[in-house]
Each structure stands twice: as C-alpha cells, then as structure tokens.
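File shown: my_file_26.pdb. Contents: PDB, C-alpha atoms and all ligand atoms.
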```pdb
ATOM      1  CA  MET A   1      85.406 -92.267-167.403  1.00  0.00           C
ATOM      2  CA  GLU A   2      84.662 -88.911-165.854  1.00  0.00           C
ATOM      3  CA  TYR A   3      83.469 -88.274-162.352  1.00  0.00           C
ATOM      4  CA  ARG A   4      80.951 -85.549-161.780  1.00  0.00           C
ATOM      5  CA  CYS A   5      80.455 -83.406-158.735  1.00  0.00           C
ATOM      6  CA  ARG A   6      76.695 -83.505-158.318  1.00  0.00           C
ATOM      7  CA  VAL A   7      76.625 -80.171-156.509  1.00  0.00           C
ATOM      8  CA  CYS A   8      78.394 -77.893-159.000  1.00  0.00           C
ATOM      9  CA  GLY A   9      78.198 -80.201-162.035  1.00  0.00           C
ATOM     10  CA  LEU A  10      81.897 -80.039-162.940  1.00  0.00           C
ATOM     11  CA  HIS A  11      83.601 -83.182-164.179  1.00  0.00           C
ATOM     12  CA  TYR A  12      86.877 -84.674-162.993  1.00  0.00           C
ATOM     13  CA  ALA A  13      89.223 -87.257-164.418  1.00  0.00           C
ATOM     14  CA  SER A  14      89.675 -88.891-161.030  1.00  0.00           C
ATOM     15  CA  LYS A  15      87.193 -89.958-158.400  1.00  0.00           C
ATOM     16  CA  LYS A  16      89.381 -88.436-155.698  1.00  0.00           C
ATOM     17  CA  LEU A  17      89.118 -84.963-157.220  1.00  0.00           C
ATOM     18  CA  ALA A  18      85.387 -85.275-157.711  1.00  0.00           C
ATOM     19  CA  GLU A  19      84.982 -86.271-154.082  1.00  0.00           C
ATOM     20  CA  GLU A  20      87.160 -83.358-152.980  1.00  0.00           C
ATOM     21  CA  CYS A  21      84.997 -81.019-155.010  1.00  0.00           C
ATOM     22  CA  LEU A  22      81.803 -82.572-153.712  1.00  0.00           C
ATOM     23  CA  SER A  23      82.853 -82.308-150.075  1.00  0.00           C
ATOM     24  CA  TRP A  24      83.849 -78.677-150.618  1.00  0.00           C
ATOM     25  CA  CYS A  25      80.704 -77.811-152.537  1.00  0.00           C
ATOM     26  CA  SER A  26      78.391 -79.384-149.984  1.00  0.00           C
ATOM     27  CA  SER A  27      79.971 -77.588-147.032  1.00  0.00           C
ATOM     28  CA  HIS A  28      80.677 -74.237-148.749  1.00  0.00           C
ATOM     29  CA  SER A  29      78.386 -72.361-151.058  1.00  0.00           C
ATOM     30  CA  SER A  30      81.265 -71.274-153.295  1.00  0.00           C
ATOM     31  CA  CYS A  31      83.634 -73.111-155.577  1.00  0.00           C
ATOM     32  CA  ASN A  32      87.124 -74.059-154.489  1.00  0.00           C
ATOM     33  CA  LEU A  33      89.356 -72.720-157.253  1.00  0.00           C
ATOM     34  CA  ALA A  34      92.213 -75.062-156.352  1.00  0.00           C
ATOM     35  CA  VAL A  35      89.887 -77.983-157.047  1.00  0.00           C
ATOM     36  CA  SER A  36      87.701 -76.603-159.819  1.00  0.00           C
ATOM     37  CA  ARG A  37      90.689 -75.570-161.942  1.00  0.00           C
ATOM     38  CA  GLN A  38      91.484 -79.266-162.236  1.00  0.00           C
ATOM     39  CA  SER A  39      88.067 -80.080-163.615  1.00  0.00           C
ATOM     40  CA  VAL A  40      87.716 -81.470-167.122  1.00  0.00           C
ATOM     41  CA  GLU A  41      86.009 -78.226-168.152  1.00  0.00           C
ATOM     42  CA  ALA A  42      88.860 -76.027-166.863  1.00  0.00           C
ATOM     43  CA  VAL A  43      91.551 -78.220-168.406  1.00  0.00           C
ATOM     44  CA  ARG A  44      89.680 -78.217-171.714  1.00  0.00           C
ATOM     45  CA  MET A  45      89.490 -74.432-171.632  1.00  0.00           C
ATOM     46  CA  ARG A  46      93.220 -74.133-170.993  1.00  0.00           C
ATOM     47  CA  LYS A  47      93.963 -76.479-173.904  1.00  0.00           C
ATOM     48  CA  ALA A  48      91.717 -74.527-176.248  1.00  0.00           C
ATOM     49  CA  ARG A  49      94.003 -71.524-176.078  1.00  0.00           C
TER      50      ARG A  49
HETATM   51 ZN    ZN B 101      81.745 -79.277-157.016  1.00  0.00          ZN
END
```

Can the structure from this file be put into structure tokens for me?
Ligand SMILES: [Zn+2]
Amino acid sequence: MEYRCRVCGLHYASKKLAEECLSWCSSHSSCNLAVSRQSVEAVRMRKAR
C-alpha cells in the first residue's frame, strides 16, 4: 500500500510521510527535499543505480 501526496503526486510507503509531504506542499509552493527524498520514486531511483 502506497500513500500519495495529492499536491505533488509523489508516493510514500507510510501514511505519516505522505501527510508530512501534503502539509508541506499545501503551505509551500516548493518541495521539501527532506521529505520528498523518502518518496517511493526517490528510493526507487537510488536503488536503480
Ligand atoms: Zn507532496
């Protein structure tokens, strides 16, 4: 089960992270790297190397 931030569209393995991302994304117009680097997409990219 993946949780999606509906603002930026990134996916997270935990609901807590997705909520963190969502609250950041809805109050800032930029991405929080500390959160987004934990997204499923970012982890997948790191594993691909
Ligand atoms: Zn987000």

Would you translate the PyMOL selection byres (((not hetatm)) within 9 of (chain B and resi 101)) into the concrete set of residues it matches in this file, as a list in words? Arg4, Cys5, Arg6, Val7, Cys8, Gly9, Leu10, His11, Ala18, Glu19, Glu20, Cys21, Leu22, Ser23, Trp24, Cys25, Ser26, Ser30, Cys31, Asn32, Val35 and Ser36 of chain A

Length of the CA of Gln38 in chain A to CA of Ser14 in chain A vector [Å]: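 Straight-line distance from CA of Gln38 in chain A to CA of Ser14 in chain A works out to 9.9 Å.
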
Separation of CA of Leu33 in chain A from CA of Tyr12 in chain A, in Å and rounded to one decimal: 13.5 Å

How far is it from CA of Ala42 in chain A to CA of Lys15 in chain A, in Å with one decimal? 16.4 Å

Taking into account all atoms listed in the file, which residue in the set A:Ser39, A:Ala48, A:Met1, A:Ser29 is nearest to Leu17 in chain A? A:Ser39

Will you model N, CA and C atoms for range 8-35 of chain A and pass it back as an mmCIF file, in the coordinates of the input?
```
data_model
loop_
_atom_site.group_PDB
_atom_site.id
_atom_site.type_symbol
_atom_site.label_atom_id
_atom_site.label_comp_id
_atom_site.auth_asym_id
_atom_site.auth_seq_id
_atom_site.Cartn_x
_atom_site.Cartn_y
_atom_site.Cartn_z
ATOM 1 N N CYS A 8 78.099 -78.969 -158.052
ATOM 2 C CA CYS A 8 78.394 -77.893 -159.000
ATOM 3 C C CYS A 8 78.335 -78.367 -160.450
ATOM 4 N N GLY A 9 78.350 -79.681 -160.673
ATOM 5 C CA GLY A 9 78.198 -80.201 -162.035
ATOM 6 C C GLY A 9 79.488 -80.290 -162.831
ATOM 7 N N LEU A 10 80.622 -79.925 -162.229
ATOM 8 C CA LEU A 10 81.897 -80.039 -162.940
ATOM 9 C C LEU A 10 82.339 -81.505 -162.989
ATOM 10 N N HIS A 11 83.136 -81.806 -164.012
ATOM 11 C CA HIS A 11 83.601 -83.182 -164.179
ATOM 12 C C HIS A 11 85.088 -83.295 -163.863
ATOM 13 N N TYR A 12 85.476 -84.442 -163.347
ATOM 14 C CA TYR A 12 86.877 -84.674 -162.993
ATOM 15 C C TYR A 12 87.355 -85.997 -163.547
ATOM 16 N N ALA A 13 88.652 -86.042 -163.852
ATOM 17 C CA ALA A 13 89.223 -87.257 -164.418
ATOM 18 C C ALA A 13 89.432 -88.320 -163.350
ATOM 19 N N SER A 14 89.495 -87.903 -162.088
ATOM 20 C CA SER A 14 89.675 -88.891 -161.030
ATOM 21 C C SER A 14 88.576 -88.770 -159.985
ATOM 22 N N LYS A 15 88.256 -89.915 -159.394
ATOM 23 C CA LYS A 15 87.193 -89.958 -158.400
ATOM 24 C C LYS A 15 87.579 -89.141 -157.176
ATOM 25 N N LYS A 16 88.885 -89.160 -156.862
ATOM 26 C CA LYS A 16 89.381 -88.436 -155.698
ATOM 27 C C LYS A 16 89.098 -86.939 -155.820
ATOM 28 N N LEU A 17 89.359 -86.385 -157.004
ATOM 29 C CA LEU A 17 89.118 -84.963 -157.220
ATOM 30 C C LEU A 17 87.631 -84.643 -157.147
ATOM 31 N N ALA A 18 86.828 -85.505 -157.731
ATOM 32 C CA ALA A 18 85.387 -85.275 -157.711
ATOM 33 C C ALA A 18 84.859 -85.299 -156.282
ATOM 34 N N GLU A 19 85.411 -86.187 -155.477
ATOM 35 C CA GLU A 19 84.982 -86.271 -154.082
ATOM 36 C C GLU A 19 85.440 -85.049 -153.291
ATOM 37 N N GLU A 20 86.653 -84.572 -153.616
ATOM 38 C CA GLU A 20 87.160 -83.358 -152.980
ATOM 39 C C GLU A 20 86.241 -82.183 -153.292
ATOM 40 N N CYS A 21 85.871 -82.093 -154.565
ATOM 41 C CA CYS A 21 84.997 -81.019 -155.010
ATOM 42 C C CYS A 21 83.645 -81.143 -154.330
ATOM 43 N N LEU A 22 83.118 -82.353 -154.306
ATOM 44 C CA LEU A 22 81.803 -82.572 -153.712
ATOM 45 C C LEU A 22 81.792 -82.207 -152.231
ATOM 46 N N SER A 23 82.849 -82.607 -151.509
ATOM 47 C CA SER A 23 82.853 -82.308 -150.075
ATOM 48 C C SER A 23 82.993 -80.809 -149.839
ATOM 49 N N TRP A 24 83.738 -80.136 -150.736
ATOM 50 C CA TRP A 24 83.849 -78.677 -150.618
ATOM 51 C C TRP A 24 82.515 -78.026 -150.951
ATOM 52 N N CYS A 25 81.949 -78.429 -152.062
ATOM 53 C CA CYS A 25 80.704 -77.811 -152.537
ATOM 54 C C CYS A 25 79.557 -78.012 -151.559
ATOM 55 N N SER A 26 79.518 -79.150 -150.878
ATOM 56 C CA SER A 26 78.391 -79.384 -149.984
ATOM 57 C C SER A 26 78.567 -78.694 -148.640
ATOM 58 N N SER A 27 79.804 -78.291 -148.305
ATOM 59 C CA SER A 27 79.971 -77.588 -147.032
ATOM 60 C C SER A 27 80.188 -76.084 -147.219
ATOM 61 N N HIS A 28 80.531 -75.666 -148.464
ATOM 62 C CA HIS A 28 80.677 -74.237 -148.749
ATOM 63 C C HIS A 28 79.707 -73.919 -149.888
ATOM 64 N N SER A 29 79.286 -72.669 -149.949
ATOM 65 C CA SER A 29 78.386 -72.361 -151.058
ATOM 66 C C SER A 29 79.149 -71.834 -152.266
ATOM 67 N N SER A 30 80.471 -71.744 -152.164
ATOM 68 C CA SER A 30 81.265 -71.274 -153.295
ATOM 69 C C SER A 30 82.156 -72.383 -153.822
ATOM 70 N N CYS A 31 82.772 -72.119 -154.969
ATOM 71 C CA CYS A 31 83.634 -73.111 -155.577
ATOM 72 C C CYS A 31 85.064 -72.960 -155.071
ATOM 73 N N ASN A 32 85.727 -74.077 -154.864
ATOM 74 C CA ASN A 32 87.124 -74.059 -154.489
ATOM 75 C C ASN A 32 87.962 -74.026 -155.761
ATOM 76 N N LEU A 33 88.595 -72.881 -156.002
ATOM 77 C CA LEU A 33 89.356 -72.720 -157.253
ATOM 78 C C LEU A 33 90.448 -73.776 -157.403
ATOM 79 N N ALA A 34 91.125 -74.089 -156.292
ATOM 80 C CA ALA A 34 92.213 -75.062 -156.352
ATOM 81 C C ALA A 34 91.727 -76.410 -156.865
ATOM 82 N N VAL A 35 90.451 -76.719 -156.582
ATOM 83 C CA VAL A 35 89.887 -77.983 -157.047
ATOM 84 C C VAL A 35 89.260 -77.808 -158.428
#
```
